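Enquirer: First the structure, which I've put down as structure tokens, then a few questions once you've had a look.
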There are 2 protein chains.
Amino acid sequence: MPRQSDAEERLMNAAMDLIWESNYGSTSVDAICEKAGAKKGSFYHFFESKSELAVKALEADWQRKKARMDEIFSASVPPLDRLRKYFDHVYAGQTKAHGECGAVLGCPYCSIGCEIGTRDRAIGEQVRKILDRNAKYFESAIRDAHAQGLISAPDAKAKAQMLVAFFQGSLAQARIENDVRRLRDLAKGALELLGAERQRATK
Amino acid sequence: MPRQSDAEERLMNAAMDLIWESNYGSTSVDAICEKAGAKKGSFYHFFESKSELAVKALEADWQRKKARMDEIFSASVPPLDRLRKYFDHVYAGQTKAHGECGAVLGCPYCSIGCEIGTRDRAIGEQVRKILDRNAKYFESAIRDAHAQGLISAPDAKAKAQMLVAFFQGSLAQARIENDVRRLRDLAKGALELLGAERQRATK
DNA sequence: AAGGTTGTTGACCGACCGGTAAACTATGGG
DNA sequence: CCCATAGTTTACCGGTCGGTCAACAACCTT
């Protein structure tokens, strides 16, 4: 098995960066190749289409983030602290991205999903899969918080979906307004939404 | 002043429909013209660019919806009922659109804003303006509800932004999942987020 | 009826899009 | 050493993109 190359990885990274910064439709294969330092021939050696590249790039992007998620949502951490840590982590990440490219970029999965999820079945499926994985972290933290009497959430799944909606909506707003301040109080808002303060107060 | 035409309006309507169904980037000027029953020459007689068409179409779309908003958010209606009515109205609208074109389409402003708000300044500005107008309805309803002791929301603007985030996030999720069920309990979730139930219970 | 304005039409443009093909090069295993 | 395999390079393709233009048709005003 001769000659190994990291061009495939470079292409996926370049694609995620460019698509996240702008969007899927206006990110050309040429631009991806240029950013990755590869020629178009190489692109189509590794991927059979732009759509397939997107699917694989999304998966690779998630896998890169997964370790951090597992750490943040570790069962050894009190459930509401997991959420606090996660939202603070997101805020830090968005702030960093804003510093680097001058724009708040929001959630790539959500943006891509809204843009082409209805038109490209494979990408839509991939986005759904990733967002679902993400929601599961929320769900389990909420279930644990309920079990420990920190909040009242008999239907953890429904609560998690509400929280995801609030979270994704905040990211979308931040992207549209290009303002990270929308994300500063993400953790506070999330706990408020879950009724954590109320519970603590009444306890 | 000879010859009036409704081609401009037809073009704007066609553009909104197509962009809402798919997205801005993959809606071509040709497709808009075909749907509107106009030729490209006419298009560029009324609009100087695709971007300008989008800005004007967004404005026209909002103006069309404004009357309904003013009615739903009438000061003669109890503040929390305004929100209930609005979210039920949105649910009905999304369900209707789903029946007509087989897909949940979410919020056009938010989708367009996420897609090209960062790349096209004029469109981004227009989206921000419209979303801000929308939020103001929420804000005033929340302020009234607070004044009447229905909820506790000393910072009405912050609460409105939370509600908008939850609302837009729910619409985005519904679009991505292509599932209107995500929107069925919008009103319930919104009131829960505002702490309306709690207030009523403690009262 | 004339003339200026408003709107319509179809042919056309260069740029760029996603994707292809084939020749070429590097490299590790036998 | 040599050859199969993996990866690279270059040139190229048809189609579509947003946008232009000039000739033409309808209409209101005077």
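Going by the structure tokens order, chains are called A, B, ..., each with residues numbered from 1, while ligands are numbered from 1 in the order shown.
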Dump as a ChimeraX atom specification the residues of chain B that approach chain A to within 6 Å, counting only C-alpha atoms.

Expert: /B:23,25,113-115,165-166,168-170,176,193

Enquirer: Those selected residues, please, written with N, CA and C atoms and delivered as a tab-separated table (two decimals), in the first residue's frame.

Expert:
chain	number	residue	atom	x	y	z
B	23	ASN	N	-33.39	27.88	-1.08
B	23	ASN	CA	-32.55	28.89	-0.43
B	23	ASN	C	-32.14	29.94	-1.44
B	25	GLY	N	-29.03	30.92	-2.53
B	25	GLY	CA	-27.96	30.57	-3.47
B	25	GLY	C	-28.40	29.70	-4.63
B	113	GLY	N	-30.97	34.91	6.44
B	113	GLY	CA	-29.96	35.62	7.23
B	113	GLY	C	-28.77	34.74	7.53
B	114	CYS	N	-29.03	33.51	7.94
B	114	CYS	CA	-27.91	32.60	8.24
B	114	CYS	C	-27.11	32.29	6.99
B	115	GLU	N	-27.82	32.15	5.88
B	115	GLU	CA	-27.14	31.74	4.65
B	115	GLU	C	-26.24	32.83	4.10
B	165	ALA	N	-35.16	33.47	20.41
B	165	ALA	CA	-34.19	32.40	20.20
B	165	ALA	C	-34.88	31.05	20.23
B	166	PHE	N	-35.71	30.84	21.22
B	166	PHE	CA	-36.45	29.58	21.32
B	166	PHE	C	-37.35	29.37	20.11
B	168	GLN	N	-37.17	30.85	17.00
B	168	GLN	CA	-36.42	30.63	15.76
B	168	GLN	C	-35.72	29.28	15.76
B	169	GLY	N	-35.21	28.89	16.91
B	169	GLY	CA	-34.57	27.59	17.01
B	169	GLY	C	-35.54	26.46	16.73
B	170	SER	N	-36.76	26.61	17.22
B	170	SER	CA	-37.78	25.59	16.98
B	170	SER	C	-38.10	25.49	15.50
B	176	ILE	N	-35.20	21.43	9.56
B	176	ILE	CA	-34.18	20.40	9.39
B	176	ILE	C	-34.77	19.00	9.51
B	193	LEU	N	-41.35	28.84	29.17
B	193	LEU	CA	-40.10	29.60	29.20
B	193	LEU	C	-40.27	30.92	29.94

Enquirer: So that I can see what lies close to DA23 of chain D, please list as a list in words the residues with an atom at most 12 Å from it, counting only C-alpha atoms (C1' of nucleotides) and leaving out residues fewer than 6 positions away in the same chain.

Expert: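 After dropping sequence-adjacent residues, the list is DT8, DT9, DG10 and DA11 of chain C.
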
Enquirer: Okay, now the selection with N, CA and C atoms (P, O5', C5', C4', C3', O3' and C1' of nucleotides), as a PDB file, in the first residue's frame?

Expert:
ATOM      1  P    DT C   8     -43.908  44.309 -18.203  1.00  0.00           P
ATOM      2  O5'  DT C   8     -43.321  43.928 -19.628  1.00  0.00           O
ATOM      3  C5'  DT C   8     -44.169  43.985 -20.771  1.00  0.00           C
ATOM      4  C4'  DT C   8     -43.431  43.444 -21.984  1.00  0.00           C
ATOM      5  C3'  DT C   8     -42.760  42.088 -21.759  1.00  0.00           C
ATOM      6  O3'  DT C   8     -43.242  41.204 -22.768  1.00  0.00           O
ATOM      7  C1'  DT C   8     -41.251  43.629 -22.768  1.00  0.00           C
ATOM      8  P    DT C   9     -43.043  39.624 -22.594  1.00  0.00           P
ATOM      9  O5'  DT C   9     -41.946  39.355 -23.690  1.00  0.00           O
ATOM     10  C5'  DT C   9     -42.059  39.966 -24.974  1.00  0.00           C
ATOM     11  C4'  DT C   9     -40.732  39.947 -25.683  1.00  0.00           C
ATOM     12  C3'  DT C   9     -39.909  38.666 -25.490  1.00  0.00           C
ATOM     13  O3'  DT C   9     -39.983  37.906 -26.681  1.00  0.00           O
ATOM     14  C1'  DT C   9     -38.548  40.635 -25.469  1.00  0.00           C
ATOM     15  P    DG C  10     -39.686  36.346 -26.680  1.00  0.00           P
ATOM     16  O5'  DG C  10     -38.233  36.351 -27.331  1.00  0.00           O
ATOM     17  C5'  DG C  10     -37.976  37.150 -28.472  1.00  0.00           C
ATOM     18  C4'  DG C  10     -36.483  37.231 -28.703  1.00  0.00           C
ATOM     19  C3'  DG C  10     -35.711  35.931 -28.444  1.00  0.00           C
ATOM     20  O3'  DG C  10     -34.687  35.818 -29.419  1.00  0.00           O
ATOM     21  C1'  DG C  10     -34.826  37.616 -27.079  1.00  0.00           C
ATOM     22  P    DA C  11     -33.906  34.477 -29.700  1.00  0.00           P
ATOM     23  O5'  DA C  11     -32.631  35.019 -30.488  1.00  0.00           O
ATOM     24  C5'  DA C  11     -32.545  36.397 -30.864  1.00  0.00           C
ATOM     25  C4'  DA C  11     -31.231  37.002 -30.358  1.00  0.00           C
ATOM     26  C3'  DA C  11     -30.068  36.006 -30.231  1.00  0.00           C
ATOM     27  O3'  DA C  11     -28.937  36.521 -30.898  1.00  0.00           O
ATOM     28  C1'  DA C  11     -30.303  37.225 -28.221  1.00  0.00           C
TER      29       DA C  11
END

Enquirer: Report as an MDAnalysis selection string all protein, DNA and RNA residues lying within 8 Å of segment 47-51 of chain B, evaluated on only C-alpha atoms (C1' of nucleotides), omitting residues in the same chain fewer than 4 positions from it.

Expert: (chainID B and resid 29 43 55 120 122:123) or (chainID D and resid 18:19)

Enquirer: Report as a PyMOL selection string: the residues of segment 123-195 of chain B with a DSSP assignment of helix (DSSP H, G or I), based on the backbone of this structure.

Expert: chain B and resi 123-147+156-177+181-184+186-193

Enquirer: Taking only C-alpha atoms (C1' of nucleotides) into account, find every residue of chain B that has an atom no more than 12 Å from chain C, and write it out as a VMD selection string.

Expert: chain B and resid 1 to 8 26 37 to 46

Enquirer: Next, the residues of the selection above should be written as a PDB file, in the first residue's frame with N, CA and C atoms.

Expert:
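out27.pdb, freshly written:
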ATOM      1  N   MET B   1     -47.853  59.077 -17.393  1.00  0.00           N
ATOM      2  CA  MET B   1     -47.201  57.846 -16.882  1.00  0.00           C
ATOM      3  C   MET B   1     -47.882  56.606 -17.433  1.00  0.00           C
ATOM      4  N   PRO B   2     -47.410  56.135 -18.510  1.00  0.00           N
ATOM      5  CA  PRO B   2     -48.103  55.069 -19.225  1.00  0.00           C
ATOM      6  C   PRO B   2     -47.830  53.678 -18.664  1.00  0.00           C
ATOM      7  N   ARG B   3     -48.757  52.818 -18.886  1.00  0.00           N
ATOM      8  CA  ARG B   3     -48.612  51.374 -18.717  1.00  0.00           C
ATOM      9  C   ARG B   3     -48.160  50.915 -17.338  1.00  0.00           C
ATOM     10  N   GLN B   4     -49.092  50.450 -16.550  1.00  0.00           N
ATOM     11  CA  GLN B   4     -48.636  49.879 -15.281  1.00  0.00           C
ATOM     12  C   GLN B   4     -48.591  48.362 -15.380  1.00  0.00           C
ATOM     13  N   SER B   5     -47.685  47.808 -14.624  1.00  0.00           N
ATOM     14  CA  SER B   5     -47.476  46.360 -14.696  1.00  0.00           C
ATOM     15  C   SER B   5     -47.398  45.777 -13.299  1.00  0.00           C
ATOM     16  N   ASP B   6     -47.813  44.527 -13.158  1.00  0.00           N
ATOM     17  CA  ASP B   6     -47.669  43.880 -11.865  1.00  0.00           C
ATOM     18  C   ASP B   6     -46.512  42.886 -11.889  1.00  0.00           C
ATOM     19  N   ALA B   7     -45.673  42.992 -12.898  1.00  0.00           N
ATOM     20  CA  ALA B   7     -44.547  42.054 -13.027  1.00  0.00           C
ATOM     21  C   ALA B   7     -43.591  42.178 -11.845  1.00  0.00           C
ATOM     22  N   GLU B   8     -43.409  43.396 -11.378  1.00  0.00           N
ATOM     23  CA  GLU B   8     -42.507  43.592 -10.245  1.00  0.00           C
ATOM     24  C   GLU B   8     -42.986  42.795  -9.038  1.00  0.00           C
ATOM     25  N   SER B  26     -29.280  28.758  -4.363  1.00  0.00           N
ATOM     26  CA  SER B  26     -29.659  27.858  -5.453  1.00  0.00           C
ATOM     27  C   SER B  26     -30.977  28.254  -6.102  1.00  0.00           C
ATOM     28  N   GLY B  37     -43.457  34.264 -14.686  1.00  0.00           N
ATOM     29  CA  GLY B  37     -43.942  34.483 -16.035  1.00  0.00           C
ATOM     30  C   GLY B  37     -43.406  35.760 -16.647  1.00  0.00           C
ATOM     31  N   ALA B  38     -42.145  36.026 -16.367  1.00  0.00           N
ATOM     32  CA  ALA B  38     -41.518  37.233 -16.916  1.00  0.00           C
ATOM     33  C   ALA B  38     -40.176  36.862 -17.537  1.00  0.00           C
ATOM     34  N   LYS B  39     -39.675  37.743 -18.361  1.00  0.00           N
ATOM     35  CA  LYS B  39     -38.388  37.493 -18.974  1.00  0.00           C
ATOM     36  C   LYS B  39     -37.301  38.224 -18.207  1.00  0.00           C
ATOM     37  N   LYS B  40     -36.071  37.750 -18.407  1.00  0.00           N
ATOM     38  CA  LYS B  40     -34.975  38.302 -17.611  1.00  0.00           C
ATOM     39  C   LYS B  40     -34.797  39.800 -17.833  1.00  0.00           C
ATOM     40  N   GLY B  41     -35.079  40.215 -19.061  1.00  0.00           N
ATOM     41  CA  GLY B  41     -34.987  41.648 -19.335  1.00  0.00           C
ATOM     42  C   GLY B  41     -35.892  42.453 -18.419  1.00  0.00           C
ATOM     43  N   SER B  42     -37.102  41.920 -18.189  1.00  0.00           N
ATOM     44  CA  SER B  42     -38.027  42.602 -17.278  1.00  0.00           C
ATOM     45  C   SER B  42     -37.477  42.617 -15.862  1.00  0.00           C
ATOM     46  N   PHE B  43     -36.900  41.489 -15.490  1.00  0.00           N
ATOM     47  CA  PHE B  43     -36.307  41.407 -14.153  1.00  0.00           C
ATOM     48  C   PHE B  43     -35.361  42.568 -13.925  1.00  0.00           C
ATOM     49  N   TYR B  44     -34.448  42.750 -14.861  1.00  0.00           N
ATOM     50  CA  TYR B  44     -33.429  43.784 -14.677  1.00  0.00           C
ATOM     51  C   TYR B  44     -33.934  45.179 -15.046  1.00  0.00           C
ATOM     52  N   HIS B  45     -35.178  45.217 -15.501  1.00  0.00           N
ATOM     53  CA  HIS B  45     -35.808  46.535 -15.633  1.00  0.00           C
ATOM     54  C   HIS B  45     -36.255  47.031 -14.254  1.00  0.00           C
ATOM     55  N   PHE B  46     -36.701  46.082 -13.417  1.00  0.00           N
ATOM     56  CA  PHE B  46     -37.219  46.466 -12.093  1.00  0.00           C
ATOM     57  C   PHE B  46     -36.164  46.429 -10.993  1.00  0.00           C
TER      58      PHE B  46
END

Enquirer: Quick one, how far is atom C1' of DC21 of chain D from atom CA of Arg121 of chain B?

Expert: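 Computing it gives 28.3 Å between the two atoms.
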
Enquirer: Pick out the chain D residues within 10 Å of chain B. Count only C-alpha atoms (C1' of nucleotides). Give them as number ranges by chain.

Expert: D: 16-21, 26-29

Enquirer: Do a neighbour search on segment 82-90 of chain A at 9 Å with only C-alpha atoms (C1' of nucleotides), toss out local chain neighbours closer than 3 positions, and write the hits as a ChimeraX atom specification.

Expert: /A:69,72-75,77-79,93-95,138,141-142,167,183-188,190-191

Enquirer: Store the residues picked out above, limited to C-alpha atoms, as a PDB file, in the first residue's frame.

Expert:
ATOM      1  CA  MET A  69     -18.179  16.657  24.476  1.00  0.00           C
ATOM      2  CA  ILE A  72     -17.646  18.174  29.313  1.00  0.00           C
ATOM      3  CA  PHE A  73     -20.646  15.918  29.752  1.00  0.00           C
ATOM      4  CA  SER A  74     -18.792  13.453  31.939  1.00  0.00           C
ATOM      5  CA  ALA A  75     -21.079  11.665  34.373  1.00  0.00           C
ATOM      6  CA  VAL A  77     -19.668  16.242  36.753  1.00  0.00           C
ATOM      7  CA  PRO A  78     -22.887  17.498  38.373  1.00  0.00           C
ATOM      8  CA  PRO A  79     -25.486  17.586  35.564  1.00  0.00           C
ATOM      9  CA  GLY A  93     -15.324  28.980  20.771  1.00  0.00           C
ATOM     10  CA  GLN A  94     -17.581  31.492  19.049  1.00  0.00           C
ATOM     11  CA  THR A  95     -15.590  34.372  20.506  1.00  0.00           C
ATOM     12  CA  PHE A 138     -28.454  17.509  26.764  1.00  0.00           C
ATOM     13  CA  ALA A 141     -27.778  15.813  31.656  1.00  0.00           C
ATOM     14  CA  ILE A 142     -31.390  16.905  32.080  1.00  0.00           C
ATOM     15  CA  PHE A 167     -29.473  27.056  21.986  1.00  0.00           C
ATOM     16  CA  LEU A 183     -24.167  34.057  23.659  1.00  0.00           C
ATOM     17  CA  ARG A 184     -22.724  35.436  26.874  1.00  0.00           C
ATOM     18  CA  ASP A 185     -25.685  34.503  28.988  1.00  0.00           C
ATOM     19  CA  LEU A 186     -26.387  31.238  27.239  1.00  0.00           C
ATOM     20  CA  ALA A 187     -25.740  29.219  30.383  1.00  0.00           C
ATOM     21  CA  LYS A 188     -27.837  31.545  32.516  1.00  0.00           C
ATOM     22  CA  ALA A 190     -30.520  27.714  29.734  1.00  0.00           C
ATOM     23  CA  LEU A 191     -30.746  27.201  33.483  1.00  0.00           C
TER      24      LEU A 191
END
